[in-house]
Structure formats: C-alpha cells, structure tokens
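Asker: Pasting input.txt here (compact mmCIF, C-alpha atoms):
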# COMPACT_ATOMS: atom_id res chain seq x y z
CA MET A 74 4.11 22.96 -27.12
CA PRO A 75 2.17 25.23 -24.72
CA ALA A 76 3.91 27.31 -22.06
CA PRO A 77 4.83 25.23 -18.97
CA ASP A 78 2.41 27.10 -16.72
CA SER A 79 -0.58 26.88 -19.07
CA LYS A 80 -3.54 24.66 -18.30
CA ILE A 81 -4.50 21.95 -20.74
CA PRO A 82 -8.17 22.29 -21.73
CA LYS A 83 -10.38 19.27 -21.15
CA ALA A 84 -11.08 19.17 -24.89
CA LYS A 85 -7.39 18.31 -25.47
CA MET A 86 -7.46 15.49 -22.92
CA SER A 87 -8.26 11.94 -23.95
CA LEU A 88 -11.32 10.27 -22.50
CA ARG A 89 -9.04 7.97 -20.49
CA GLU A 90 -7.16 10.91 -18.97
CA ARG A 91 -10.40 12.64 -18.00
CA GLU A 92 -11.62 9.42 -16.38
CA MET A 93 -8.37 9.02 -14.43
CA ARG A 94 -8.52 12.64 -13.23
CA SER A 95 -12.14 12.19 -12.17
CA ARG A 96 -11.39 9.00 -10.23
CA LEU A 97 -8.43 10.68 -8.54
CA ALA A 98 -10.52 13.70 -7.54
CA GLN A 99 -13.17 11.39 -6.08
CA LEU A 100 -10.58 9.48 -4.06
CA ILE A 101 -8.98 12.62 -2.70
CA SER A 102 -12.21 14.36 -1.79
CA SER A 103 -14.21 11.53 -0.30
CA GLN A 104 -11.89 9.16 1.55
CA GLY A 105 -8.93 9.22 3.88
CA MET A 106 -5.46 8.27 2.71
CA LEU A 107 -2.42 7.09 4.57
CA ARG A 108 1.08 6.62 3.17
CA GLY A 109 2.81 3.48 4.32
CA THR A 110 2.66 -0.27 4.23
CA LEU A 111 1.16 -2.70 6.67
CA ASP A 112 3.20 -5.38 8.37
CA GLU A 113 1.56 -8.27 10.21
CA ARG A 114 3.78 -9.81 12.83
CA ALA A 115 3.27 -13.05 14.70
CA ARG A 116 5.10 -13.59 17.97
CA THR A 117 5.21 -15.63 21.13
CA CYS A 118 4.88 -13.92 24.49
CA GLY A 119 6.88 -16.38 26.58
CA LYS A 120 4.17 -17.32 29.09
CA ALA A 121 4.35 -21.04 29.84
CA ASN A 122 0.61 -21.78 29.56
CA CYS A 123 -0.21 -19.41 26.69
CA LYS A 124 -1.70 -20.58 23.37
CA CYS A 125 1.36 -19.19 21.56
CA VAL A 126 3.51 -21.95 23.08
CA ARG A 127 1.31 -24.44 21.18
CA GLY A 128 1.84 -22.58 17.90
CA GLU A 129 -1.07 -20.09 17.96
CA LYS A 130 1.04 -16.96 17.90
CA HIS A 131 -0.14 -13.46 18.80
CA VAL A 132 -0.67 -11.41 15.64
CA SER A 133 -0.08 -7.64 15.62
CA LEU A 134 -0.44 -5.09 12.84
CA TYR A 135 2.07 -2.28 12.26
CA LEU A 136 2.04 0.67 9.90
CA VAL A 137 5.51 1.18 8.40
CA VAL A 138 6.57 4.55 6.96
CA ARG A 139 9.94 5.87 5.83
CA GLU A 140 10.66 9.36 7.20
CA ASP A 141 13.99 11.16 6.83
CA GLY A 142 15.59 7.95 5.57
CA LYS A 143 14.49 5.95 8.62
CA LEU A 144 11.75 3.39 8.95
CA ARG A 145 9.10 4.18 11.53
CA HIS A 146 6.77 1.51 12.85
CA LEU A 147 3.45 2.33 14.48
CA TYR A 148 1.36 -0.30 16.22
CA VAL A 149 -2.20 -0.39 14.87
CA PRO A 150 -4.76 -1.54 17.46
CA GLU A 151 -7.21 -4.17 16.22
CA SER A 152 -10.07 -1.66 16.51
CA TYR A 153 -8.32 0.58 13.91
CA ALA A 154 -7.11 -2.17 11.58
CA THR A 155 -9.98 -2.07 9.07
CA GLN A 156 -9.89 1.72 8.78
CA VAL A 157 -6.09 1.87 8.45
CA ARG A 158 -6.12 -0.87 5.80
CA SER A 159 -8.69 1.13 3.84
CA TRP A 160 -6.67 4.36 4.05
CA VAL A 161 -3.49 2.62 2.91
CA GLN A 162 -5.36 1.04 -0.03
CA GLN A 163 -6.80 4.43 -1.02
CA TYR A 164 -3.32 5.93 -1.00
CA GLN A 165 -2.02 3.12 -3.22
CA LYS A 166 -4.92 3.60 -5.65
CA SER A 167 -4.25 7.35 -5.82
CA LEU A 168 -0.55 6.72 -6.57
CA ALA A 169 -1.47 4.34 -9.39
CA LEU A 170 -3.82 6.95 -10.88
CA LEU A 171 -1.16 9.67 -10.58
CA ASP A 172 1.34 7.44 -12.38
CA GLU A 173 -1.12 6.82 -15.18
CA ILE A 174 -1.92 10.53 -15.51
CA SER A 175 1.79 11.30 -15.53
CA GLY A 176 2.15 8.95 -18.49
CA PHE A 177 -0.15 11.18 -20.56
CA TYR A 178 2.12 14.15 -19.92
CA TRP A 179 5.23 12.11 -20.67
CA LEU A 180 3.76 11.44 -24.11
CA ARG A 181 2.93 15.13 -24.57
CA VAL A 182 6.53 16.13 -23.91
CA GLN A 183 7.84 13.28 -26.02
CA ASN A 184 5.58 14.27 -28.94
CA ARG A 185 6.24 17.99 -28.38
CA GLU A 186 2.53 18.72 -28.02
Starting from the file, give its structure as structure tokens.
Answerer:
Amino acid sequence: MPAPDSKIPKAKMSLREREMRSRLAQLISSQGMLRGTLDERARTCGKANCKCVRGEKHVSLYLVVREDGKLRHLYVPESYATQVRSWVQQYQKSLALLDEISGFYWLRVQNRE
C-alpha cells in the first residue's frame, strides 16, 4: 500500500473513478453550490377576504441548514427560487460523486492496495 500522502497516478485509477473525478471537477468549477434543503410551506394569512381563506394558501420557500447543531431557516424570495434550487441540486450531485469516489478508496484500503 502506498504512503498515505502519496498521490495515486491516473493510470492506477479505473475508468469509472476518472469519470467521477472529472464530473466532480466540472461541477465545482462551473456552477454554484449551496448546502441545505428546501422546504415549501403553505400558510393562511388571516385576512377575511383573501384567497387563502378559500383554500388557496400562500406558498413560501425556505432554505434549511444545520449550523452548530441548530436548524437555520432562510426565506428564499420567488425571484431567487430557481437559482437556489439549482445550487442545492448541484451540491447534492457533488456529494453523491464524492461518496462514489470514496468507495474506490475504501476498496483500496480493504484490498491493501
């Protein structure tokens, strides 16, 4: 097994690992990312003549993030919703790629390569 601080040459990487690394690099370098989840909330405002009284509730979007063990909620204006959704999706994709890449290294340690 190589020294812990040594780099693994691309020739020793599988094609799948190289593809995952390439996709991750593209995500990181070309698009924004935002950690968190999105929560859509529907509520009534309480005004007597409002549409929400008839069942058409007001829908709001919130970004939810855990920081220092506490949940933080940030209102996302409708004008930002598409962009924030995209950033959250990019973050989730990058996490999935990192998990898959990590699996290659798990196998290396397991097989004492």
Asker: Counting all atoms listed in the file, which of A:Val157, A:Ala115, A:Ile101, A:Leu144 gets nearest to Lys130 in chain A?
Answerer: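 Residue with the minimum atom-to-atom distance to Lys130 in chain A: A:Ala115.
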Asker: For a test of reading the model, state the distance in Å between CA of Leu107 in chain A and CA of Leu136 in chain A, rounded to one decimal.
Answerer: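 For CA of Leu107 in chain A relative to CA of Leu136 in chain A, the distance reads 9.5 Å.
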Asker: When you draw a straight line from CA of Phe177 in chain A to CA of Gln162 in chain A, how long is it in Å?
Answerer: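 Straight-line distance from CA of Phe177 in chain A to CA of Gln162 in chain A works out to 23.5 Å.
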Asker: Distance CA of Arg181 in chain A-CA of Glu92 in chain A, one decimal place?
Answerer: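 Value for the CA of Arg181 in chain A-CA of Glu92 in chain A distance: 17.6 Å.
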Asker: Hey, what's within 9 Å of Gly109 in chain A if we count all atoms listed in the file and toss same-chain stuff fewer than 5 positions away? As a list in words, please?
Answerer: Leu136, Val137, Val138, Arg139, Val161, Tyr164 and Gln165 of chain A
Asker: Using only C-alpha atoms, pick whichever of A:Glu113, A:Asp172, A:Met93, A:Asn122 has the shortest atom-to-atom distance to Glu151 in chain A.
Answerer: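 Nearest candidate to Glu151 in chain A out of A:Glu113, A:Asp172, A:Met93, A:Asn122: A:Glu113.
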Asker: Write out as a list in words the residues lying within 12 Å of Ser167 in chain A, counting all atoms listed in the file and excluding same-chain residues fewer than 4 positions away.
Answerer: Met93, Arg94, Ser95, Arg96, Leu97, Ala98, Gln99, Leu100, Ile101, Ser102, Gln104, Gly105, Met106, Leu107, Arg108, Trp160, Val161, Gln162, Gln163, Leu171, Asp172, Glu173 and Ile174 of chain A
